[in-house]
>>> print(open('upload-v7.cif').read())   # mmCIF, C-alpha atoms, pLDDT in the B column; chains and numbers go by the auth columns
data_final
#
loop_
_atom_site.group_PDB
_atom_site.id
_atom_site.type_symbol
_atom_site.label_atom_id
_atom_site.label_comp_id
_atom_site.label_asym_id
_atom_site.label_seq_id
_atom_site.Cartn_x
_atom_site.Cartn_y
_atom_site.Cartn_z
_atom_site.B_iso_or_equiv
_atom_site.auth_seq_id
_atom_site.auth_asym_id
ATOM 1 C CA MET A 1 48.917 186.387 152.217 98.00 545 W
ATOM 2 C CA ARG A 2 47.310 185.318 148.994 98.00 546 W
ATOM 3 C CA ALA A 3 48.420 185.549 145.368 98.00 547 W
ATOM 4 C CA VAL A 4 46.742 184.728 142.085 98.00 548 W
ATOM 5 C CA VAL A 5 49.611 183.771 139.789 98.00 549 W
ATOM 6 C CA SER A 6 49.294 183.477 136.019 98.00 550 W
ATOM 7 C CA ARG A 7 51.857 182.216 133.577 98.00 551 W
ATOM 8 C CA VAL A 8 51.989 184.907 130.893 98.00 552 W
ATOM 9 C CA THR A 9 53.817 185.676 127.676 98.00 553 W
ATOM 10 C CA SER A 10 53.573 189.402 128.505 98.00 554 W
ATOM 11 C CA ALA A 11 51.842 191.688 130.999 98.00 555 W
ATOM 12 C CA SER A 12 51.653 195.371 131.849 98.00 556 W
ATOM 13 C CA VAL A 13 50.121 197.820 134.302 98.00 557 W
ATOM 14 C CA THR A 14 48.958 201.263 133.220 98.00 558 W
ATOM 15 C CA VAL A 15 48.126 204.177 135.546 98.00 559 W
ATOM 16 C CA ASP A 16 46.699 207.433 134.180 97.00 560 W
ATOM 17 C CA GLY A 17 47.567 206.415 130.622 97.00 561 W
ATOM 18 C CA GLN A 18 51.208 205.570 131.384 98.00 562 W
ATOM 19 C CA VAL A 19 52.726 202.105 131.665 98.00 563 W
ATOM 20 C CA VAL A 20 54.260 201.870 135.148 98.00 564 W
ATOM 21 C CA GLY A 21 55.309 198.217 135.028 98.00 565 W
ATOM 22 C CA ALA A 22 55.631 195.605 132.310 98.00 566 W
ATOM 23 C CA ILE A 23 57.198 192.307 131.366 98.00 567 W
ATOM 24 C CA HIS A 24 57.680 191.630 127.664 97.00 568 W
ATOM 25 C CA GLU A 25 58.592 187.972 127.794 96.00 569 W
ATOM 26 C CA ALA A 26 57.353 184.757 129.383 97.00 570 W
ATOM 27 C CA GLY A 27 57.020 185.125 133.144 98.00 571 W
ATOM 28 C CA LEU A 28 54.509 185.452 135.954 98.00 572 W
ATOM 29 C CA LEU A 29 51.785 188.002 136.640 98.00 573 W
ATOM 30 C CA VAL A 30 51.228 188.078 140.412 98.00 574 W
ATOM 31 C CA LEU A 31 48.118 189.683 141.915 98.00 575 W
ATOM 32 C CA LEU A 32 49.071 189.959 145.594 98.00 576 W
ATOM 33 C CA GLY A 33 46.678 190.390 148.517 98.00 577 W
ATOM 34 C CA ILE A 34 47.687 191.087 152.107 98.00 578 W
ATOM 35 C CA ALA A 35 45.576 189.965 155.088 98.00 579 W
ATOM 36 C CA THR A 36 45.303 191.745 158.427 97.00 580 W
ATOM 37 C CA THR A 37 47.227 188.865 160.040 97.00 581 W
ATOM 38 C CA ASP A 38 50.219 188.954 157.656 98.00 582 W
ATOM 39 C CA GLY A 39 53.721 190.064 158.561 98.00 583 W
ATOM 40 C CA ALA A 40 57.366 189.872 157.509 98.00 584 W
ATOM 41 C CA GLU A 41 57.487 186.078 157.807 98.00 585 W
ATOM 42 C CA GLN A 42 54.653 185.643 155.291 98.00 586 W
ATOM 43 C CA ALA A 43 56.307 188.150 152.928 98.00 587 W
ATOM 44 C CA ALA A 44 59.557 186.196 152.902 98.00 588 W
ATOM 45 C CA THR A 45 57.750 182.883 152.410 98.00 589 W
ATOM 46 C CA MET A 46 55.608 184.286 149.592 98.00 590 W
ATOM 47 C CA ALA A 47 58.665 185.644 147.784 98.00 591 W
ATOM 48 C CA ARG A 48 60.393 182.260 147.985 98.00 592 W
ATOM 49 C CA LYS A 49 57.285 180.407 146.791 98.00 593 W
ATOM 50 C CA LEU A 50 56.743 182.786 143.871 98.00 594 W
ATOM 51 C CA HIS A 51 60.381 182.656 142.784 98.00 595 W
ATOM 52 C CA GLU A 52 60.554 178.867 142.963 98.00 596 W
ATOM 53 C CA LEU A 53 57.012 178.075 141.748 98.00 597 W
ATOM 54 C CA ARG A 54 57.377 175.584 138.896 97.00 598 W
ATOM 55 C CA ILE A 55 54.539 176.588 136.581 97.00 599 W
ATOM 56 C CA LEU A 56 56.564 177.865 133.639 97.00 600 W
ATOM 57 C CA ARG A 57 57.073 175.642 130.595 94.00 601 W
ATOM 58 C CA ASP A 58 58.800 172.307 131.272 95.00 602 W
ATOM 59 C CA GLU A 59 57.890 172.585 134.985 95.00 603 W
ATOM 60 C CA ARG A 60 60.453 175.289 135.586 97.00 604 W
ATOM 61 C CA GLY A 61 60.295 178.414 137.735 97.00 605 W
ATOM 62 C CA CYS A 62 61.617 181.949 137.686 98.00 606 W
ATOM 63 C CA ALA A 63 64.489 180.881 139.948 98.00 607 W
ATOM 64 C CA ASP A 64 65.958 178.589 137.297 95.00 608 W
ATOM 65 C CA THR A 65 64.903 180.408 134.114 97.00 609 W
ATOM 66 C CA GLY A 66 65.394 184.039 135.088 98.00 610 W
ATOM 67 C CA ALA A 67 61.837 184.753 133.928 98.00 611 W
ATOM 68 C CA PRO A 68 60.461 188.099 135.162 98.00 612 W
ATOM 69 C CA LEU A 69 57.534 188.735 137.494 98.00 613 W
ATOM 70 C CA LEU A 70 55.011 191.567 137.460 98.00 614 W
ATOM 71 C CA VAL A 71 53.665 192.080 141.002 98.00 615 W
ATOM 72 C CA VAL A 72 50.409 194.019 141.421 98.00 616 W
ATOM 73 C CA SER A 73 48.812 194.729 144.806 97.00 617 W
ATOM 74 C CA GLN A 74 45.233 193.458 144.927 96.00 618 W
ATOM 75 C CA PHE A 75 43.355 193.965 148.209 95.00 619 W
ATOM 76 C CA THR A 76 40.183 192.585 146.608 95.00 620 W
ATOM 77 C CA LEU A 77 41.614 189.064 146.915 97.00 621 W
ATOM 78 C CA TYR A 78 40.387 189.232 150.511 97.00 622 W
ATOM 79 C CA GLY A 79 36.836 190.204 149.608 95.00 623 W
ATOM 80 C CA ASP A 80 34.396 187.985 151.495 95.00 624 W
ATOM 81 C CA THR A 81 31.260 187.258 149.456 94.00 625 W
ATOM 82 C CA ARG A 82 29.710 184.564 151.643 94.00 626 W
ATOM 83 C CA LYS A 83 26.928 186.855 152.882 93.00 627 W
ATOM 84 C CA GLY A 84 24.850 189.278 150.867 90.00 628 W
ATOM 85 C CA ARG A 85 25.683 190.785 147.513 92.00 629 W
ATOM 86 C CA ARG A 86 28.390 193.227 148.546 94.00 630 W
ATOM 87 C CA PRO A 87 31.888 191.975 149.477 95.00 631 W
ATOM 88 C CA SER A 88 33.242 192.600 152.956 95.00 632 W
ATOM 89 C CA TRP A 89 36.864 193.763 153.114 94.00 633 W
ATOM 90 C CA THR A 90 37.499 193.151 156.827 95.00 634 W
ATOM 91 C CA ALA A 91 40.153 190.477 156.178 97.00 635 W
ATOM 92 C CA ALA A 92 42.169 192.762 153.870 97.00 636 W
ATOM 93 C CA ALA A 93 44.988 194.658 155.556 98.00 637 W
ATOM 94 C CA PRO A 94 44.685 198.455 155.590 97.00 638 W
ATOM 95 C CA ALA A 95 46.997 200.351 153.243 97.00 639 W
ATOM 96 C CA ASP A 96 49.479 201.362 155.962 97.00 640 W
ATOM 97 C CA VAL A 97 50.012 197.663 156.768 97.00 641 W
ATOM 98 C CA ALA A 98 49.687 196.224 153.265 98.00 642 W
ATOM 99 C CA GLU A 99 51.969 198.549 151.305 98.00 643 W
ATOM 100 C CA PRO A 100 55.155 197.769 153.297 98.00 644 W
ATOM 101 C CA LEU A 101 54.414 194.038 153.014 98.00 645 W
ATOM 102 C CA VAL A 102 53.923 194.217 149.242 98.00 646 W
ATOM 103 C CA ASP A 103 57.226 196.119 149.099 98.00 647 W
ATOM 104 C CA ALA A 104 58.820 193.423 151.287 98.00 648 W
ATOM 105 C CA VAL A 105 57.763 190.679 148.867 98.00 649 W
ATOM 106 C CA VAL A 106 59.166 192.650 145.915 98.00 650 W
ATOM 107 C CA THR A 107 62.429 193.380 147.773 98.00 651 W
ATOM 108 C CA ALA A 108 62.817 189.734 148.790 98.00 652 W
ATOM 109 C CA LEU A 109 62.261 188.629 145.183 98.00 653 W
ATOM 110 C CA ARG A 110 64.887 191.097 143.960 98.00 654 W
ATOM 111 C CA ASP A 111 67.283 189.987 146.709 98.00 655 W
ATOM 112 C CA ARG A 112 66.898 186.468 145.302 98.00 656 W
ATOM 113 C CA GLY A 113 67.986 187.800 141.881 98.00 657 W
ATOM 114 C CA ALA A 114 64.530 188.004 140.297 98.00 658 W
ATOM 115 C CA SER A 115 63.620 190.622 137.720 98.00 659 W
ATOM 116 C CA VAL A 116 60.496 192.284 139.132 98.00 660 W
ATOM 117 C CA ALA A 117 58.212 194.967 137.696 98.00 661 W
ATOM 118 C CA THR A 118 55.382 196.404 139.780 98.00 662 W
ATOM 119 C CA GLY A 119 52.145 198.281 139.655 96.00 663 W
ATOM 120 C CA ARG A 120 51.519 201.362 141.804 97.00 664 W
ATOM 121 C CA PHE A 121 50.091 200.673 145.241 96.00 665 W
ATOM 122 C CA GLY A 122 46.642 202.198 145.796 94.00 666 W
ATOM 123 C CA ALA A 123 46.264 203.494 142.244 96.00 667 W
ATOM 124 C CA MET A 124 43.501 202.633 139.790 96.00 668 W
ATOM 125 C CA MET A 125 45.421 200.295 137.519 97.00 669 W
ATOM 126 C CA ALA A 126 44.626 198.806 134.145 98.00 670 W
ATOM 127 C CA VAL A 127 46.275 195.378 134.031 98.00 671 W
ATOM 128 C CA GLN A 128 46.775 193.678 130.685 98.00 672 W
ATOM 129 C CA SER A 129 48.138 190.197 130.213 98.00 673 W
ATOM 130 C CA VAL A 130 48.450 187.434 127.687 98.00 674 W
ATOM 131 C CA ASN A 131 47.878 184.258 129.670 97.00 675 W
ATOM 132 C CA ASP A 132 50.007 181.326 128.562 97.00 676 W
ATOM 133 C CA GLY A 133 48.079 178.083 128.720 92.00 677 W
ATOM 134 C CA PRO A 134 45.981 179.448 130.347 92.00 678 W
ATOM 135 C CA TYR A 135 47.734 178.534 133.546 95.00 679 W
ATOM 136 C CA THR A 136 46.685 180.261 136.784 97.00 680 W
ATOM 137 C CA VAL A 137 47.101 179.114 140.384 98.00 681 W
ATOM 138 C CA LEU A 138 46.281 180.396 143.849 98.00 682 W
ATOM 139 C CA VAL A 139 49.208 180.609 146.275 98.00 683 W
ATOM 140 C CA GLU A 140 48.529 181.126 149.986 97.00 684 W
ATOM 141 C CA VAL A 141 50.941 181.390 152.919 96.00 685 W
#
>>> encode(input="upload-v7.cif", output="structure tokens")
Amino acid sequence: MRAVVSRVTSASVTVDGQVVGAIHEAGLLVLLGIATTDGAEQAATMARKLHELRILRDERGCADTGAPLLVVSQFTLYGDTRKGRRPSWTAAAPADVAEPLVDAVVTALRDRGASVATGRFGAMMAVQSVNDGPYTVLVEV
């Protein structure tokens, strides 16, 4: 499981002209990719890491500030570009495997008390964000 996490002052996801998820204050934008080898254990670990990740101002995390997260599924994080000019997606989990694991991460975050907005799995999404810093990290479990 892989996530690109950005500290943002705001972020939103729009599908078909309608905002489906947004955070309007400082928090984290999480682009989340699921690999074919991922399962429930990785989902729980990712949720804990994201909630406790100390990349907000003053080295704090969502767990101690209550800052929101916007989680957006992003299978392209597993695009392999080592050969040729066209990415290979063989490491990315198929939708029927990935969607429940994205949902598991979101549920685990909410169970921890986090405020979580989401995109729409499988949809063409327009993601907007105002990066704070900029500060972006890669989280892998």
>>> residues_near_point(input="upload-v7.cif", point="(59.1, 179.9, 140.8)", cutoff="12 Å", atoms="only C-alpha atoms", output="MDAnalysis selection string")
chainID W and resid 549:551 571:574 590:601 603:613 653 656:658 683
>>> resolve_selection(input="upload-v7.cif", expression="the PyMOL selection byres ((chain W and resi 669) around 9)", output="ChimeraX atom specification")
/W:557-560,616,663-664,666-668,670-671
>>> atom_distance(input="upload-v7.cif", atom1="atom CA of Ala579 of chain W", atom2="atom CA of Gln672 of chain W")
24.7 Å
>>> closest_residue(input="upload-v7.cif", among="W:Leu682, W:Val646, W:Ala637, W:Val548", to="Thr580 of chain W", atoms="all atoms listed in the file")
W:Ala637
>>> resolve_selection(input="upload-v7.cif", expression="the PyMOL selection byres ((chain W and resi 581) around 10)", output="list of chain:residue names")
W:Met545, W:Ile578, W:Ala579, W:Thr580, W:Asp582, W:Gly583, W:Gln586, W:Ala635, W:Ala636, W:Ala637, W:Val641
>>> closest_residue(input="upload-v7.cif", among="W:Val660, W:Trp633, W:Glu643, W:Ala584", to="Ile567 of chain W", atoms="only C-alpha atoms")
W:Val660
>>> build_atoms(input="upload-v7.cif", residues="segment 652-671 of chain W", atoms="N, CA and C atoms", output="short mmCIF file (atom, residue, chain, number, x, y, z; two decimals), in the coordinates of the input")
data_model
loop_
_atom_site.label_atom_id
_atom_site.label_comp_id
_atom_site.auth_asym_id
_atom_site.auth_seq_id
_atom_site.Cartn_x
_atom_site.Cartn_y
_atom_site.Cartn_z
N ALA W 652 62.31 191.09 148.59
CA ALA W 652 62.82 189.73 148.79
C ALA W 652 63.01 189.01 147.46
N LEU W 653 62.09 189.22 146.52
CA LEU W 653 62.26 188.63 145.18
C LEU W 653 63.52 189.17 144.51
N ARG W 654 63.70 190.48 144.57
CA ARG W 654 64.89 191.10 143.96
C ARG W 654 66.16 190.64 144.65
N ASP W 655 66.12 190.48 145.98
CA ASP W 655 67.28 189.99 146.71
C ASP W 655 67.65 188.57 146.28
N ARG W 656 66.66 187.82 145.81
CA ARG W 656 66.90 186.47 145.30
C ARG W 656 67.40 186.49 143.86
N GLY W 657 67.50 187.67 143.25
CA GLY W 657 67.99 187.80 141.88
C GLY W 657 66.90 187.87 140.83
N ALA W 658 65.64 187.96 141.25
CA ALA W 658 64.53 188.00 140.30
C ALA W 658 64.41 189.39 139.67
N SER W 659 63.97 189.39 138.43
CA SER W 659 63.62 190.62 137.72
C SER W 659 62.14 190.89 138.00
N VAL W 660 61.85 192.01 138.68
CA VAL W 660 60.50 192.28 139.13
C VAL W 660 60.05 193.67 138.68
N ALA W 661 58.89 193.71 138.01
CA ALA W 661 58.21 194.97 137.70
C ALA W 661 57.01 195.04 138.63
N THR W 662 56.50 196.26 138.85
CA THR W 662 55.38 196.40 139.78
C THR W 662 54.34 197.37 139.24
N GLY W 663 53.18 197.28 139.86
CA GLY W 663 52.14 198.28 139.66
C GLY W 663 52.41 199.43 140.61
N ARG W 664 51.40 200.25 140.86
CA ARG W 664 51.52 201.36 141.80
C ARG W 664 50.49 201.16 142.90
N PHE W 665 50.96 200.98 144.11
CA PHE W 665 50.09 200.67 145.24
C PHE W 665 49.00 201.75 145.39
N GLY W 666 47.76 201.30 145.54
CA GLY W 666 46.64 202.20 145.80
C GLY W 666 46.09 202.92 144.59
N ALA W 667 46.72 202.80 143.45
CA ALA W 667 46.26 203.49 142.24
C ALA W 667 45.21 202.66 141.51
N MET W 668 44.39 203.33 140.72
CA MET W 668 43.50 202.63 139.79
C MET W 668 44.38 202.16 138.64
N MET W 669 44.51 200.87 138.50
CA MET W 669 45.42 200.30 137.52
C MET W 669 44.66 199.52 136.46
N ALA W 670 45.12 199.64 135.23
CA ALA W 670 44.63 198.81 134.15
C ALA W 670 45.69 197.74 133.92
N VAL W 671 45.33 196.49 134.16
CA VAL W 671 46.28 195.38 134.03
C VAL W 671 45.94 194.62 132.76
#
